[in-house]
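One file, final.cif, carrying mmCIF, C-alpha atoms:
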data_target
#
loop_
_atom_site.label_atom_id
_atom_site.label_comp_id
_atom_site.auth_asym_id
_atom_site.auth_seq_id
_atom_site.Cartn_x
_atom_site.Cartn_y
_atom_site.Cartn_z
CA MET A 1 -106.11 -28.74 79.34
CA THR A 2 -109.50 -30.49 79.39
CA ALA A 3 -110.27 -33.95 78.02
CA LEU A 4 -113.16 -34.39 75.61
CA ARG A 5 -116.11 -36.58 76.58
CA MET A 6 -118.08 -39.24 74.74
CA ARG A 7 -121.61 -40.23 75.60
CA ALA A 8 -122.56 -43.91 75.72
CA ARG A 9 -125.48 -43.24 73.40
CA ASP A 10 -123.09 -41.99 70.74
CA PHE A 11 -122.27 -45.62 69.92
CA LEU A 12 -124.74 -47.78 71.87
CA THR A 13 -128.46 -48.36 71.50
CA GLU A 14 -130.62 -48.18 74.61
CA ASP A 15 -130.99 -51.98 74.68
CA GLN A 16 -127.23 -52.46 74.35
CA LEU A 17 -126.58 -49.99 77.16
CA ILE A 18 -129.03 -51.75 79.47
CA ALA A 19 -127.44 -55.13 78.69
CA ILE A 20 -123.82 -54.15 79.21
CA ARG A 21 -124.56 -52.28 82.45
CA ARG A 22 -126.15 -55.34 84.05
CA ARG A 23 -124.14 -56.51 87.07
CA SER A 24 -124.28 -60.01 88.50
CA THR A 25 -123.21 -61.08 91.99
CA TRP A 26 -122.63 -64.66 90.87
CA LYS A 27 -120.41 -63.57 87.97
CA GLY A 28 -118.36 -61.30 90.22
CA ALA A 29 -118.01 -64.07 92.80
CA ALA A 30 -117.11 -66.57 90.07
CA LEU A 31 -114.17 -64.40 88.97
CA ILE A 32 -112.91 -64.29 92.56
CA VAL A 33 -113.30 -68.07 92.91
CA HIS A 34 -111.41 -68.50 89.63
CA ALA A 35 -108.50 -66.40 90.93
CA TRP A 36 -108.26 -68.29 94.22
CA THR A 37 -108.65 -71.67 92.49
CA LEU A 38 -105.61 -70.92 90.32
CA ILE A 39 -103.65 -69.65 93.34
CA LEU A 40 -104.40 -72.64 95.56
CA GLY A 41 -104.10 -75.06 92.65
CA SER A 42 -100.61 -73.72 91.85
CA ILE A 43 -99.57 -74.15 95.48
CA ALA A 44 -100.91 -77.72 95.48
CA LEU A 45 -99.06 -78.47 92.24
CA VAL A 46 -95.74 -77.37 93.74
CA ALA A 47 -96.40 -79.46 96.86
CA TRP A 48 -97.28 -82.51 94.72
CA TRP A 49 -94.54 -82.10 92.10
CA PRO A 50 -91.71 -79.94 93.51
CA ASN A 51 -89.12 -78.91 90.95
CA PRO A 52 -87.67 -75.56 89.84
CA LEU A 53 -89.69 -75.28 86.61
CA ILE A 54 -93.00 -76.03 88.34
CA TYR A 55 -92.10 -73.51 91.04
CA LEU A 56 -91.37 -70.76 88.49
CA LEU A 57 -94.61 -71.56 86.66
CA ALA A 58 -96.50 -71.30 89.95
CA VAL A 59 -94.89 -67.94 90.78
CA GLY A 60 -95.96 -66.61 87.37
CA ILE A 61 -99.54 -67.84 87.74
CA ILE A 62 -99.92 -66.74 91.36
CA GLY A 63 -98.40 -63.31 90.66
CA SER A 64 -100.80 -62.83 87.77
CA ARG A 65 -103.77 -63.84 89.97
CA GLN A 66 -102.59 -61.42 92.67
CA LEU A 67 -102.80 -58.74 90.01
CA GLY A 68 -106.16 -60.33 89.18
CA LEU A 69 -107.28 -59.72 92.77
CA ALA A 70 -106.20 -56.09 92.40
CA ILE A 71 -108.25 -55.89 89.19
CA LEU A 72 -111.27 -57.37 90.96
CA MET A 73 -110.78 -54.95 93.85
CA HIS A 74 -110.88 -52.24 91.18
CA GLU A 75 -114.16 -53.75 89.96
CA GLY A 76 -115.47 -53.39 93.49
CA ALA A 77 -114.30 -49.78 93.63
CA HIS A 78 -116.58 -49.17 90.63
CA GLY A 79 -119.42 -51.13 92.21
CA CYS A 80 -119.22 -53.81 89.52
CA LEU A 81 -118.80 -57.03 91.54
CA SER A 82 -122.43 -56.97 92.66
CA PRO A 83 -125.47 -54.72 92.22
CA HIS A 84 -125.79 -54.76 96.02
CA GLU A 85 -123.35 -52.36 97.67
CA THR A 86 -122.82 -54.39 100.85
CA ALA A 87 -122.05 -57.56 98.89
CA ASN A 88 -119.91 -55.59 96.45
CA LEU A 89 -117.79 -54.07 99.23
CA ASN A 90 -117.46 -57.30 101.21
CA LEU A 91 -116.39 -59.29 98.15
CA SER A 92 -113.92 -56.59 97.15
CA GLN A 93 -112.41 -56.07 100.59
CA TRP A 94 -112.15 -59.52 102.15
CA PHE A 95 -111.40 -61.66 99.12
CA CYS A 96 -109.52 -59.23 96.84
CA ALA A 97 -108.04 -56.17 98.56
CA TYR A 98 -107.05 -57.34 102.04
CA PRO A 99 -105.09 -60.44 100.89
CA ILE A 100 -102.79 -58.20 98.78
CA PHE A 101 -102.53 -55.51 101.51
CA ALA A 102 -104.84 -53.06 99.74
CA GLU A 103 -108.12 -51.31 100.70
CA THR A 104 -111.06 -50.68 98.40
CA ARG A 105 -112.46 -47.45 99.86
CA ALA A 106 -109.12 -45.66 100.03
CA TYR A 107 -108.38 -46.78 96.48
CA ARG A 108 -111.80 -45.63 95.25
CA ARG A 109 -111.32 -42.09 96.63
CA TYR A 110 -108.23 -41.40 94.55
CA HIS A 111 -109.11 -43.59 91.57
CA LEU A 112 -112.28 -41.73 90.59
CA GLN A 113 -110.15 -38.61 90.16
CA HIS A 114 -108.09 -40.55 87.61
CA HIS A 115 -111.25 -41.25 85.61
CA ALA A 116 -112.43 -37.66 85.84
CA ARG A 117 -109.08 -36.18 84.76
CA THR A 118 -107.47 -38.89 82.62
CA GLN A 119 -104.04 -37.83 81.30
CA GLN A 120 -104.55 -34.23 82.45
CA ASP A 121 -102.14 -32.33 84.67
CA ASP A 122 -104.11 -33.19 87.82
CA ASP A 123 -104.56 -36.89 87.00
CA PRO A 124 -103.19 -38.72 90.10
CA ASP A 125 -101.92 -41.53 87.84
CA LEU A 126 -100.07 -39.24 85.45
CA VAL A 127 -96.83 -40.10 87.28
CA LEU A 128 -97.19 -43.65 85.93
CA SER A 129 -97.32 -42.67 82.25
CA ALA A 130 -95.60 -39.27 81.98
CA PRO A 131 -91.96 -40.57 82.01
CA PHE A 132 -92.45 -42.58 78.81
CA PRO A 133 -90.99 -43.19 76.30
CA ILE A 134 -87.78 -44.27 77.98
CA THR A 135 -84.70 -46.09 76.73
CA ARG A 136 -84.47 -49.87 76.67
CA MET A 137 -81.61 -49.64 79.14
CA SER A 138 -83.82 -47.71 81.55
CA TYR A 139 -86.58 -50.28 81.21
CA ARG A 140 -84.12 -53.11 81.86
CA ARG A 141 -83.14 -51.43 85.13
CA LYS A 142 -86.80 -51.10 86.10
CA PHE A 143 -87.45 -54.73 85.18
CA LEU A 144 -84.51 -55.89 87.31
CA ARG A 145 -85.75 -53.85 90.28
CA ASP A 146 -89.21 -55.34 89.85
CA ILE A 147 -88.24 -58.99 89.35
CA THR A 148 -85.72 -58.97 92.22
CA GLY A 149 -88.29 -57.58 94.66
CA GLN A 150 -86.71 -54.17 95.16
CA THR A 151 -89.77 -52.28 93.92
CA GLY A 152 -92.16 -54.40 95.95
CA TYR A 153 -90.01 -54.06 99.07
CA GLN A 154 -89.89 -50.27 98.77
CA GLN A 155 -93.66 -50.08 98.29
CA ARG A 156 -94.42 -52.31 101.26
CA LYS A 157 -91.86 -50.54 103.44
CA ALA A 158 -93.47 -47.17 102.68
CA GLN A 159 -96.91 -48.65 103.34
CA LEU A 160 -95.81 -50.13 106.68
CA LEU A 161 -94.11 -46.93 107.87
CA ASN A 162 -97.20 -44.93 106.96
CA ALA A 163 -99.39 -47.36 108.91
CA LEU A 164 -97.14 -47.18 111.98
CA GLY A 165 -97.37 -43.38 112.07
CA PRO A 166 -94.81 -40.93 113.50
CA ALA A 167 -92.42 -42.33 116.12
CA GLU A 168 -93.33 -39.55 118.57
CA TRP A 169 -96.95 -40.73 118.79
CA PRO A 170 -97.94 -42.67 121.95
CA LEU A 171 -97.94 -46.45 121.50
CA ALA A 172 -101.73 -46.73 121.81
CA ARG A 173 -102.26 -44.15 119.09
CA ARG A 174 -99.76 -45.86 116.79
CA ALA A 175 -101.45 -49.23 117.37
CA ALA A 176 -104.89 -47.78 116.56
CA HIS A 177 -103.52 -46.08 113.44
CA PHE A 178 -101.84 -49.30 112.31
CA TRP A 179 -105.07 -51.28 112.74
CA GLU A 180 -107.00 -48.66 110.78
CA LYS A 181 -104.51 -48.73 107.91
CA LEU A 182 -103.39 -52.37 107.78
CA GLY A 183 -105.15 -54.36 110.51
CA PRO A 184 -107.64 -56.29 108.34
CA GLN A 185 -104.94 -56.93 105.74
CA PHE A 186 -102.64 -58.56 108.33
CA ALA A 187 -105.57 -60.48 109.82
CA VAL A 188 -106.53 -61.97 106.43
CA ASN A 189 -102.91 -62.85 105.70
CA ALA A 190 -102.65 -64.50 109.14
CA VAL A 191 -105.66 -66.65 108.21
CA LEU A 192 -104.01 -67.53 104.90
CA PHE A 193 -100.75 -68.50 106.66
CA THR A 194 -102.63 -70.52 109.30
CA GLY A 195 -104.60 -72.40 106.63
CA LEU A 196 -101.44 -73.29 104.72
CA ALA A 197 -99.67 -74.31 107.94
CA ALA A 198 -102.60 -76.52 108.92
CA ALA A 199 -102.27 -78.22 105.52
CA GLY A 200 -98.58 -78.85 106.24
CA MET A 201 -97.44 -76.21 103.76
CA TRP A 202 -96.39 -73.22 105.90
CA TRP A 203 -93.50 -72.65 103.49
CA ALA A 204 -95.95 -71.77 100.73
CA TYR A 205 -96.83 -68.45 102.40
CA PRO A 206 -93.36 -66.86 102.02
CA LEU A 207 -92.36 -68.73 98.85
CA LEU A 208 -95.65 -68.83 96.94
CA TRP A 209 -97.57 -65.86 98.29
CA LEU A 210 -95.20 -63.11 99.44
CA LEU A 211 -92.51 -63.75 96.83
CA PRO A 212 -94.86 -63.51 93.79
CA LEU A 213 -96.45 -60.44 95.38
CA LEU A 214 -93.06 -58.72 95.57
CA THR A 215 -91.68 -59.88 92.22
CA TRP A 216 -93.83 -61.04 89.30
CA MET A 217 -96.82 -58.95 90.32
CA MET A 218 -94.56 -55.87 90.27
CA VAL A 219 -93.27 -56.75 86.78
CA ILE A 220 -96.72 -57.11 85.25
CA THR A 221 -98.19 -54.18 87.16
CA ARG A 222 -95.61 -51.96 85.48
CA ILE A 223 -96.37 -53.49 82.06
CA ARG A 224 -100.07 -52.97 82.66
CA ASN A 225 -99.51 -49.33 83.66
CA ILE A 226 -97.47 -48.75 80.50
CA ALA A 227 -100.09 -50.38 78.30
CA GLU A 228 -102.98 -48.35 79.68
CA HIS A 229 -101.79 -44.77 79.25
CA ALA A 230 -98.12 -44.47 78.30
CA VAL A 231 -97.19 -42.93 74.93
CA VAL A 232 -100.82 -42.52 73.85
CA PRO A 233 -101.47 -40.38 70.75
CA ASP A 234 -103.73 -37.66 72.19
CA SER A 235 -104.19 -36.86 75.88
CA THR A 236 -107.49 -35.02 75.27
CA ASP A 237 -109.28 -37.59 73.11
CA PRO A 238 -111.08 -40.35 75.08
CA LEU A 239 -110.50 -42.77 72.20
CA ARG A 240 -106.77 -42.02 72.13
CA ASN A 241 -105.68 -41.10 75.68
CA THR A 242 -106.34 -44.65 76.86
CA ARG A 243 -105.30 -47.88 75.18
CA THR A 244 -106.79 -51.29 74.62
CA THR A 245 -104.24 -54.05 74.08
CA ARG A 246 -105.20 -57.31 72.43
CA ALA A 247 -104.10 -60.28 74.54
CA ASN A 248 -103.59 -63.91 73.58
CA VAL A 249 -104.12 -66.88 75.90
CA LEU A 250 -100.65 -66.71 77.47
CA GLU A 251 -100.87 -62.95 77.99
CA ARG A 252 -104.23 -63.38 79.70
CA LEU A 253 -102.78 -66.10 81.92
CA PHE A 254 -99.55 -64.37 82.94
CA ILE A 255 -99.98 -60.60 82.33
CA ALA A 256 -103.54 -59.38 81.77
CA PRO A 257 -106.22 -61.29 83.71
CA TYR A 258 -109.92 -60.52 83.89
CA TYR A 259 -110.30 -58.33 80.81
CA VAL A 260 -107.94 -55.63 82.11
CA ASN A 261 -106.59 -55.22 78.56
CA TYR A 262 -109.89 -53.56 77.47
CA HIS A 263 -108.88 -50.32 79.11
CA LEU A 264 -110.18 -47.88 76.51
CA GLU A 265 -113.65 -49.39 76.84
CA HIS A 266 -113.42 -49.26 80.62
CA HIS A 267 -112.63 -45.55 80.60
CA LEU A 268 -115.51 -44.80 78.25
CA LEU A 269 -117.97 -46.76 80.41
CA PHE A 270 -116.46 -47.19 83.87
CA TYR A 271 -119.73 -48.55 85.30
CA VAL A 272 -119.66 -51.62 83.02
CA PRO A 273 -118.47 -54.87 84.65
CA CYS A 274 -115.26 -56.25 83.19
CA TYR A 275 -116.88 -59.36 81.66
CA ASN A 276 -118.98 -57.10 79.40
CA LEU A 277 -116.02 -55.07 78.08
CA PRO A 278 -115.28 -57.47 75.16
CA ARG A 279 -118.82 -56.83 73.90
CA VAL A 280 -118.27 -53.06 74.16
CA HIS A 281 -115.04 -53.49 72.19
CA ARG A 282 -116.84 -55.36 69.40
CA ILE A 283 -119.53 -52.69 69.18
CA LEU A 284 -116.96 -49.89 69.03
CA SER A 285 -114.89 -51.77 66.47
CA GLU A 286 -117.90 -51.89 64.16
CA SER A 287 -118.81 -48.23 64.67
CA ARG A 288 -117.68 -45.05 62.94
CA TYR A 289 -115.18 -44.56 65.79
CA ALA A 290 -113.16 -47.69 65.00
CA ARG A 291 -110.34 -45.94 63.13
CA ARG A 292 -109.76 -43.48 65.99
CA MET A 293 -109.39 -46.10 68.71
CA GLU A 294 -105.93 -46.58 70.21
CA VAL A 295 -105.50 -50.35 70.02
CA GLN A 296 -102.24 -52.31 70.02
CA PRO A 297 -101.84 -55.93 68.87
CA ASN A 298 -100.09 -57.25 72.00
CA TYR A 299 -98.10 -56.24 75.08
CA ALA A 300 -94.74 -56.64 73.35
CA ALA A 301 -95.80 -53.95 70.86
CA VAL A 302 -96.69 -51.59 73.70
CA VAL A 303 -93.38 -52.15 75.47
CA ARG A 304 -91.56 -51.41 72.20
CA LEU A 305 -93.44 -48.11 71.91
CA ALA A 306 -92.66 -47.23 75.51
CA THR A 307 -88.93 -48.00 75.13
CA ALA A 308 -88.42 -46.25 71.79
CA LYS A 309 -86.23 -43.46 73.19
CA PRO A 310 -82.70 -43.82 71.77
CA ASN A 311 -80.18 -45.25 74.19
CA GLN A 312 -77.65 -42.77 75.50
CA GLN A 313 -74.83 -43.29 77.91
CA ASP A 314 -76.16 -42.58 81.39
CA ARG A 315 -74.43 -39.81 83.24
CA PRO A 316 -74.15 -39.83 87.07
CA GLY A 317 -76.76 -37.08 87.32
CA GLN A 318 -79.20 -39.10 85.23
CA LEU A 319 -78.67 -42.18 87.40
CA ALA A 320 -79.31 -40.15 90.55
CA SER A 321 -82.45 -38.70 89.01
CA SER A 322 -83.61 -42.20 88.04
CA ALA A 323 -83.07 -43.38 91.61
CA ARG A 324 -85.08 -40.46 92.98
CA ARG A 325 -87.95 -41.23 90.60
CA ALA A 326 -87.86 -44.89 91.64
CA ARG A 327 -88.11 -43.94 95.32
CA ALA A 328 -90.94 -41.54 94.58
CA GLY A 329 -92.74 -44.21 92.59
CA ALA A 330 -92.39 -46.65 95.46
CA GLU A 331 -93.87 -44.12 97.88
CA VAL A 332 -96.78 -43.41 95.55
CA GLY A 333 -97.37 -47.11 94.95
CA GLY A 334 -97.45 -47.99 98.65
CA ASP A 335 -101.08 -46.95 99.00
CA GLN A 336 -102.07 -47.47 95.37
CA THR A 337 -101.57 -51.18 94.77
CA ALA A 338 -103.93 -51.13 91.85
CA GLY A 339 -103.01 -47.68 90.63
CA GLY A 340 -103.48 -46.97 86.96
CA PHE A 341 -106.66 -48.85 86.23
#
Encoded form using structure tokens:
Amino acid sequence: MTALRMRARDFLTEDQLIAIRRRSTWKGAALIVHAWTLILGSIALVAWWPNPLIYLLAVGIIGSRQLGLAILMHEGAHGCLSPHETANLNLSQWFCAYPIFAETRAYRRYHLQHHARTQQDDDPDLVLSAPFPITRMSYRRKFLRDITGQTGYQQRKAQLLNALGPAEWPLARRAAHFWEKLGPQFAVNAVLFTGLAAAGMWWAYPLLWLLPLLTWMMVITRIRNIAEHAVVPDSTDPLRNTRTTRANVLERLFIAPYYVNYHLEHHLLFYVPCYNLPRVHRILSESRYARRMEVQPNYAAVVRLATAKPNQQDRPGQLASSARRARAGAEVGGDQTAGGF
């Protein structure tokens, strides 16, 4: 099965295309500064006003900005953080990917295949959308695994074991392999821990960095994956095999940062920086293609679509199968922190 293609000039004028393709280093850097300002501001708020509600609010904001860093790493994988490749890669790696234990170049290699073969049998992200729709009971189980850190733990465990290499390797080879796979990530996280410790807040690293990374980020990463490609109407139509989801202020704060909800537009024009995607959406919405576009009003509507399978009593075989799929998903996700964009 082969997906259809749309040309940018089918719905854009030459001037519009030039404008939306324009990339700005200062805008890319500003998005990164925004993410880290919210992260560090949330940590400072908990330190200044410690109580359970403020802590939960901070976990939600920090987890969403960790997903935001993954989104901005994805921008870097498309060369959209800066028109200069060296600046683009450095911004993406050191300030976005490494802090969340990811790597831009490795992500880019597999991710471009997703764009080339969206929703086809050889799409590397098909595993994220193919199981849907599921039952509400099944989604509740997934949500509980995500929010309690089980999903995040399995992903990081698989990532760590892969970085360590086979046990039979000599120690020097394993050390070199580990540094190649995860060395810069651990170094950046060591700097983050040291900075927090120097500020008298060492506790913020496990409680306000690692915990959101393993819990809330996993919850919203799954929601984002569902929204982008699950239960789409037509896997061969570029206007219907990818979804844009409208997002209100709270959804943008806690679930869908940095224009990630404009996913249909991103797939049509993957070289357009994220801050120009709303303009692409407006142009498309006023074109002859508007009625064909797969757009949902909010994330709750998407989750309802994805959990529309009637509930049935789970049999032991189904539970075992579900567990196997969860383990497989964790293994896939270990090296694909931002998978599905």
Using only C-alpha atoms, what table do you get, as a tab-separated table, when you list each residue of range 225-332 of chain A with an atom no more than 9 Å from range 112-131 of chain A, its nearest pair of atoms, and their distance in Å rounded to one decimal, rows by chain then rising number?
residue	atom	partner	partner_atom	distance
A:Asn225	CA	A:Leu128	CA	6.5
A:Ile226	CA	A:Ser129	CA	6.3
A:Glu228	CA	A:Ser129	CA	8.4
A:His229	CA	A:Ser129	CA	5.8
A:Ala230	CA	A:Ser129	CA	4.4
A:Val231	CA	A:Ser129	CA	7.3
A:Ser235	CA	A:Gln119	CA	5.5
A:Thr236	CA	A:Gln119	CA	7.5
A:Pro238	CA	A:Thr118	CA	8.5
A:Asn241	CA	A:Gln119	CA	6.7
A:Thr242	CA	A:Thr118	CA	8.2
A:His267	CA	A:His115	CA	6.7
A:Phe270	CA	A:His115	CA	8.1
A:Gly329	CA	A:Val127	CA	7.9
A:Val332	CA	A:Val127	CA	8.9
Selection result for the PyMOL selection byres ((chain A and resi 297) around 8) on this file, as a list in words: Thr245, Arg246, Ala247, Val295, Gln296, Asn298, Tyr299 and Ala301 of chain A
Using the selection just defined, write its residues with C-alpha atoms as a PDB file, in the coordinates of the input.
ATOM      1  CA  THR A 245    -104.240 -54.050  74.080  1.00  0.00           C
ATOM      2  CA  ARG A 246    -105.200 -57.310  72.430  1.00  0.00           C
ATOM      3  CA  ALA A 247    -104.100 -60.280  74.540  1.00  0.00           C
ATOM      4  CA  VAL A 295    -105.500 -50.350  70.020  1.00  0.00           C
ATOM      5  CA  GLN A 296    -102.240 -52.310  70.020  1.00  0.00           C
ATOM      6  CA  ASN A 298    -100.090 -57.250  72.000  1.00  0.00           C
ATOM      7  CA  TYR A 299     -98.100 -56.240  75.080  1.00  0.00           C
ATOM      8  CA  ALA A 301     -95.800 -53.950  70.860  1.00  0.00           C
TER       9      ALA A 301
END
Distance in Å - CA of Ile61 in chain A versus CA of Arg22 in chain A: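 Going from CA of Ile61 in chain A over to CA of Arg22 in chain A covers 29.6 Å.
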Resolved residues for the PyMOL selection byres ((chain A and resi 5) around 9) as a PyMOL selection string: chain A and resi 3-4+6-7+236-238+268
Pairwise distance for CA of Phe95 in chain A and CA of Leu57 in chain A, rounded to one decimal in Å: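 Pair CA of Phe95 in chain A / CA of Leu57 in chain A returns 23.1 Å.
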Selected residue of minimal separation from Glu180 in chain A among A:Leu214, A:Glu103, A:Phe132, A:Arg109, counting only C-alpha atoms: A:Glu103
Output check: residues returned by the PyMOL selection byres ((chain A and resi 78) around 10), as a list in words: Leu72, Met73, His74, Glu75, Gly76, Ala77, Gly79, Cys80, Leu81, Ser82, Asn88, Leu89, Thr104, Arg108, His111, Leu112, Phe270, Tyr271, Val272 and Pro273 of chain A
Best match for closeness to Leu182 in chain A among A:Leu160, A:Ala19, A:Leu91, A:Ala35, counting all atoms listed in the file: A:Leu160
